[in-house]
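Okay, so here's the structure we're looking at.
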Amino acid sequence: MSLMSRKLDILPIRSFFRFSVIAILLLILNSGCAHIVVSKQERLLVKTHYLEAEKLMESKIKDYSSAESPDLIILCITYSKLKKYNKLFSCLEQLESNIKKGDNRGVRSWRKTGGQIPNDITPFPHLLKAEAYLELGNYGKAVESAKKAHELLMTIQLPLTDRLAGWDTRYKIRSLSLLALCYALNGDHNNVLEYIDRLENAPIGFMGCIPLKMEKSLGLAKAYMAMREYDKVLSNKEKFLYAFTKVTAAIVLGDANFFAFTTLPKQFMMTKSLYETGRIKEAKEGYDKLLSNPNTKYIGELYWPILFDRGKIAQAEGDLEEAIEFYKKAISVIEAQRSTINTEASKIGFVGNKQEVYGFLVEQLIEIGRYDEAFEYAERAKARALVDILASKKHFGGGEMSGQNRLNALLDNLEEAELNNLAQDDQMLPQKYANTRSVTVQIKKRISQNDPNLASLVTVTSSDTADIQQLLPSNETLIEYYGTEDTLFAFIVSRFGIKGMKLEVKGLRQKVEAFREHIMDPGSYQFKADGQALYEKLIKPIEGMIASKNLTIVPHGALHYLPFNALYSERGYLIDQYNIRVLPSASVMKFLKDRPEGHAWNLLAFGNPDLGDTTYDLPGAQKEAMAITKDQPKSKLFIRKQATETALKRFGEQFRYIHFATHGTFDAEKPLSSGLLMTGDGENDGTLTVGELYELHLPADLVTLSACETALGKVANGDDVIGFNRGFLYAGVSSIVSSLWKVADKATSILMQQFYKSLKESDKRSALRAAQLKVKNSYNAHPYFWAAFQITGSVE
């Protein structure tokens, strides 16, 4: 069994959930549970003519605020099917407003019999919203919306016609299915078991309508898949397959569409279950059959997991070359699209699935000694992770305004093209796939030509290993880590060669957490044993390949929270032997700015902003900011109520150095929401978020994050750290000095004053090292006082 951890394939599960409201309705209406009475726009939905329905309804609805609910519900369903999430949420917001005002009609005139849309749509917007959040990977919000729909059912009395059409039961099954699936994908074992039990025991009603039974079966199948209860999927195979076919068959047109939306998902569900339950021979036959169909490639979110599993089968059979080719094909599919997420939804689970493919490939390439290729794919994995972090970003700054507007327009076009490929409509898939691919390739090419730096944030751009080597000075060694918590790979790169090595680091996260816990206690010396243990795992196996005093370290995962300077050996701390900088990836060296010249001002400092609560005051930080600006000519100081986000945005471009002695908040679950806490005013809320950094133009030589209460005690996957540092680099900053924990005021003040003094005589990396050594040698040798700070970016 490979040492790379297996994770749940949640993308395919989400794709199954796309066969939603209208599909089940069609089945209900066509099977005797209700009598169909439909309008023209409803007929368009029945025929899956969503583009035509969208055009019809948008021509009819000129202003949401004056639109009636029977029209809005049609438009909202259309947006849901076309995956136009921004429009969908706006539509649903107005629909909810209408319902609160009493317009809960699904149809313009009250039906005496059932119909395509229920008479009372009170829970309907919340179900559509839950489904959208589910597809976007935001399971917490999906749960909230599904719960809201379920709660509303307890408080309203549906009309008799809706009850006869099965809507009371359908609403309940729908909300329970969503809740079970979302809890399963969130890893909430207790809640998912509760809602599966409630779903299994949910009564169908006195009519025993077969389509409702099938929707219930399909809801259970998806929950079991998400829980990785593959044996239960197989034991209910016939029931689940029948339900899936009947529910989805009515919504597709054409052979390719039928295969893509019905045959492929249900066969993948069963083949995946065979693979995960050890029935490898049958799984191999099933996957090969799917791959032999040319239409499989049109559904990328199922195509790459098939390729990935097929690669793992080849690897288990000992055919490494075939496995490598399957992994490479899967990665090509993954990298073909920028994630089309339109909210600040958490992407860590989703990214993890994709990252697993890279991990398997890197492991096999290192196994056979193809280190340069392995390094290239490790870099691509880091690039893919950053693309996913930033996938919800609509617009970027950092450049000349008119040019940036054109680039942002291209991003809008790229998103529209990718969403069009996901849309469930009556367009024939082969032609739609070809058109979308042509458009996206052209847009990505134009973005890359106009702004390579932006291209690296929104697409995975391959970096040639030889090019990266040439960016390294002759007296520099780069160490890049990549892998999982238990299996780590280290690449040792210089201008003259590259080596790769597999490191055994079982329990890495726990070791890093223990080290940090002890190092942040000035009264404890347990950190030495912790630091030496990590040194033995991370540095000693590769020490013989390090041929220079200058080190560039590219961490991975939990290592983003590790103070490498404080790792300990019989020769002392690592800082005693090496001059270290940190980078989010090796490829970022292409975009590091040379030391900018021509700034009108020297140092801009923000200290101890007024956050409206004295418990957050930082008097030591205020003194520090005052001290460093006093010694620097052409400086400007903002403290307390003056230390505003608005001041930074107004004056930041004019200064060579920018210094923040403020609190910060870091959120590994929502990296773009991490930020620096400043004083709010009428123009800005006072939180300079990571998302905002990618919209700023800050051509500073150096940004220092000094007294930040970074809350990095929670060792996560490093996305919060990556997003923050990369954001400053994209904004135009050459280098960032930041801290991994809150350091005592006096030690920080000594270190920072020495750092700015040393900057006048040496490069930034050497200046920081000199300042840290001064604190270590003349103030306090405990690494709590000096090891928190590290430099990212250019060192010149």
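Residue numbers start at 1 in each chain; chains themselves are named A, B, ... in the order of the structure tokens; ligands are numbered from 1 in the order shown.
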Find the residues around Asp168 in chain A up to 12 Å (only C-alpha atoms counted), leave out those fewer than 5 positions away in its own chain, and share them as a PyMOL selection string. chain A and resi 118-124+149-150+152-163+173-175+202-206+212
8 Å contact set for Phe515 in chain A, only C-alpha atoms, chain neighbours under 3 positions out, as a tab-separated table (two decimals) with C-alpha atoms, in the first residue's frame:
```
chain	number	residue	atom	x	y	z
A	511	LYS	CA	6.14	17.07	16.36
A	512	VAL	CA	5.89	20.62	15.00
A	518	HIS	CA	7.75	24.38	24.16
A	519	ILE	CA	9.58	27.11	22.29
A	527	PHE	CA	12.42	22.66	22.91
A	530	ASP	CA	12.10	18.66	20.11
A	531	GLY	CA	14.33	20.76	17.85
```
Separating CA of Ala165 in chain A from CA of Lys213 in chain A, to the nearest tenth of an Å, is a gap of 13.8 Å
For Ala142 in chain A, please output as a PDB file with N, CA, C and O atoms, in the first residue's frame all residues within 6 Å (counting only C-alpha atoms; exclusion window: fewer than 3 positions along the same chain).
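Once written, around26.pdb looks like this:
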```
ATOM      1  N   ALA A 130     -28.787  25.456  -0.663  1.00  0.00           N
ATOM      2  CA  ALA A 130     -28.011  24.371  -0.073  1.00  0.00           C
ATOM      3  C   ALA A 130     -27.301  23.562  -1.154  1.00  0.00           C
ATOM      4  O   ALA A 130     -26.136  23.183  -1.008  1.00  0.00           O
ATOM      5  N   TYR A 133     -24.313  25.640  -2.445  1.00  0.00           N
ATOM      6  CA  TYR A 133     -23.194  25.620  -1.501  1.00  0.00           C
ATOM      7  C   TYR A 133     -22.514  24.255  -1.493  1.00  0.00           C
ATOM      8  O   TYR A 133     -21.295  24.147  -1.329  1.00  0.00           O
ATOM      9  N   LEU A 134     -23.297  23.212  -1.651  1.00  0.00           N
ATOM     10  CA  LEU A 134     -22.727  21.872  -1.712  1.00  0.00           C
ATOM     11  C   LEU A 134     -21.781  21.745  -2.892  1.00  0.00           C
ATOM     12  O   LEU A 134     -20.655  21.260  -2.771  1.00  0.00           O
ATOM     13  N   TYR A 139     -19.690  23.265   2.881  1.00  0.00           N
ATOM     14  CA  TYR A 139     -20.639  22.353   3.502  1.00  0.00           C
ATOM     15  C   TYR A 139     -21.310  22.955   4.729  1.00  0.00           C
ATOM     16  O   TYR A 139     -22.452  22.621   5.040  1.00  0.00           O
ATOM     17  N   SER A 145     -28.483  26.045   5.188  1.00  0.00           N
ATOM     18  CA  SER A 145     -29.605  26.232   4.272  1.00  0.00           C
ATOM     19  C   SER A 145     -30.544  25.038   4.288  1.00  0.00           C
ATOM     20  O   SER A 145     -31.777  25.189   4.279  1.00  0.00           O
TER      21      SER A 145
END
```
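Each of A:Gly369, A:Pro584, A:Gly137, A:Gly598 was compared to Arg726 in chain A using only C-alpha atoms, and A:Pro584 turns out to be the nearest.
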Using only C-alpha atoms, can you tell me which of A:Glu363, A:Glu653, A:Glu276, A:Glu480 comes closest to Leu604 in chain A?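 Using only C-alpha atoms, Leu604 in chain A sits closest to A:Glu653.
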Of the candidates A:Gln772, A:Gln753, A:Ser569, A:Thr748, which one gets nearest to Lys630 in chain A if we count only C-alpha atoms?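 With only C-alpha atoms as the atom set, the closest residue is A:Gln753.
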Tell me, as a list in words, which residues lie within 10 Å of range 188-195 of chain A, counting only C-alpha atoms; anything in the same chain fewer than 2 positions away does not count.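 The residues that qualify are Ser175, Leu176, Ser177, Leu178, Leu179, Ala180, Leu181, Cys182, Tyr183, Ala184, Leu185, Asn186, Asp197, Arg198, Leu199, Glu200, Asn201, Leu220, Ala223, Tyr224, Ala226 and Met227 of chain A.
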Could you check the closest approach to Asn138 in chain A for each of A:Ile468, A:Gln532, A:Gln790, A:Lys670 and tell me which residue wins, using only C-alpha atoms? A:Lys670
Go through A:Ser69, A:Asp763, A:Leu56, A:Ala132 one by one, measure the shortest atom-to-atom distance of each to Lys100 in chain A using only C-alpha atoms, and give the residue with the smallest value. A:Ser69
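Among A:Gly680, A:Glu321, A:Pro671, A:Phe660, the residue with the shortest atom-to-atom distance to Thr704 in chain A, counting only C-alpha atoms, is A:Phe660.
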Length of the CA of Ser548 in chain A to CA of Thr792 in chain A vector [Å]: 18.7 Å
Excluding range 631-641 of chain A and any residue of its chain fewer than 5 positions from it, enumerate the residues within 10 Å of it, using only C-alpha atoms, and give them as a VMD selection string. chain A and resid 600 to 612 617 to 619 621 to 623 625 to 626 647 to 648 651 655 to 662 678 to 681 753 756 to 757
What lies within 7 Å of Ala771 in chain A using only C-alpha atoms, ignoring chain neighbours under 3 positions off, as a JSON list (two decimals) with all heavy atoms, in the first residue's frame?
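Now in selection.json:
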```
[["chain", "number", "residue", "atom", "x", "y", "z"],
["A", 751, "LEU", "N", 15.26, 43.75, 18.53],
["A", 751, "LEU", "CA", 15.51, 43.07, 17.26],
["A", 751, "LEU", "C", 15.19, 43.99, 16.07],
["A", 751, "LEU", "O", 15.96, 44.09, 15.12],
["A", 751, "LEU", "CB", 14.67, 41.80, 17.21],
["A", 751, "LEU", "CG", 14.96, 40.83, 16.05],
["A", 751, "LEU", "CD1", 14.71, 39.38, 16.49],
["A", 751, "LEU", "CD2", 14.10, 41.12, 14.82],
["A", 754, "GLN", "N", 17.69, 46.90, 15.63],
["A", 754, "GLN", "CA", 18.94, 46.41, 15.07],
["A", 754, "GLN", "C", 18.78, 46.02, 13.60],
["A", 754, "GLN", "O", 19.67, 46.24, 12.78],
["A", 754, "GLN", "CB", 19.42, 45.19, 15.88],
["A", 754, "GLN", "CG", 20.73, 44.57, 15.37],
["A", 754, "GLN", "CD", 21.89, 45.55, 15.45],
["A", 754, "GLN", "OE1", 22.06, 46.24, 16.46],
["A", 754, "GLN", "NE2", 22.69, 45.63, 14.39],
["A", 755, "PHE", "N", 17.63, 45.47, 13.28],
["A", 755, "PHE", "CA", 17.37, 45.06, 11.89],
["A", 755, "PHE", "C", 17.42, 46.27, 10.95],
["A", 755, "PHE", "O", 18.12, 46.24, 9.94],
["A", 755, "PHE", "CB", 16.00, 44.37, 11.82],
["A", 755, "PHE", "CG", 15.53, 44.08, 10.43],
["A", 755, "PHE", "CD1", 16.27, 43.28, 9.57],
["A", 755, "PHE", "CD2", 14.31, 44.59, 9.97],
["A", 755, "PHE", "CE1", 15.83, 43.01, 8.28],
["A", 755, "PHE", "CE2", 13.86, 44.32, 8.68],
["A", 755, "PHE", "CZ", 14.63, 43.53, 7.84],
["A", 767, "ALA", "N", 20.74, 41.07, 7.41],
["A", 767, "ALA", "CA", 20.37, 42.04, 8.44],
["A", 767, "ALA", "C", 19.46, 41.40, 9.48],
["A", 767, "ALA", "O", 19.61, 41.64, 10.69],
["A", 767, "ALA", "CB", 19.69, 43.24, 7.79],
["A", 768, "LEU", "N", 18.52, 40.58, 9.03],
["A", 768, "LEU", "CA", 17.63, 39.90, 9.97],
["A", 768, "LEU", "C", 18.41, 38.91, 10.82],
["A", 768, "LEU", "O", 18.22, 38.83, 12.05],
["A", 768, "LEU", "CB", 16.50, 39.19, 9.22],
["A", 768, "LEU", "CG", 15.50, 38.43, 10.11],
["A", 768, "LEU", "CD1", 14.80, 39.39, 11.08],
["A", 768, "LEU", "CD2", 14.47, 37.69, 9.26],
["A", 774, "LYS", "N", 21.96, 39.11, 17.67],
["A", 774, "LYS", "CA", 22.20, 40.09, 18.73],
["A", 774, "LYS", "C", 21.28, 39.81, 19.92],
["A", 774, "LYS", "O", 21.72, 39.82, 21.08],
["A", 774, "LYS", "CB", 21.95, 41.51, 18.22],
["A", 774, "LYS", "CG", 22.17, 42.55, 19.32],
["A", 774, "LYS", "CD", 22.08, 43.97, 18.83],
["A", 774, "LYS", "CE", 22.32, 44.93, 19.99],
["A", 774, "LYS", "NZ", 22.34, 46.35, 19.58],
["A", 775, "VAL", "N", 19.98, 39.55, 19.64],
["A", 775, "VAL", "CA", 19.07, 39.23, 20.73],
["A", 775, "VAL", "C", 19.50, 37.93, 21.40],
["A", 775, "VAL", "O", 19.52, 37.82, 22.63],
["A", 775, "VAL", "CB", 17.62, 39.10, 20.19],
["A", 775, "VAL", "CG1", 16.69, 38.59, 21.29],
["A", 775, "VAL", "CG2", 17.13, 40.44, 19.68]]
```
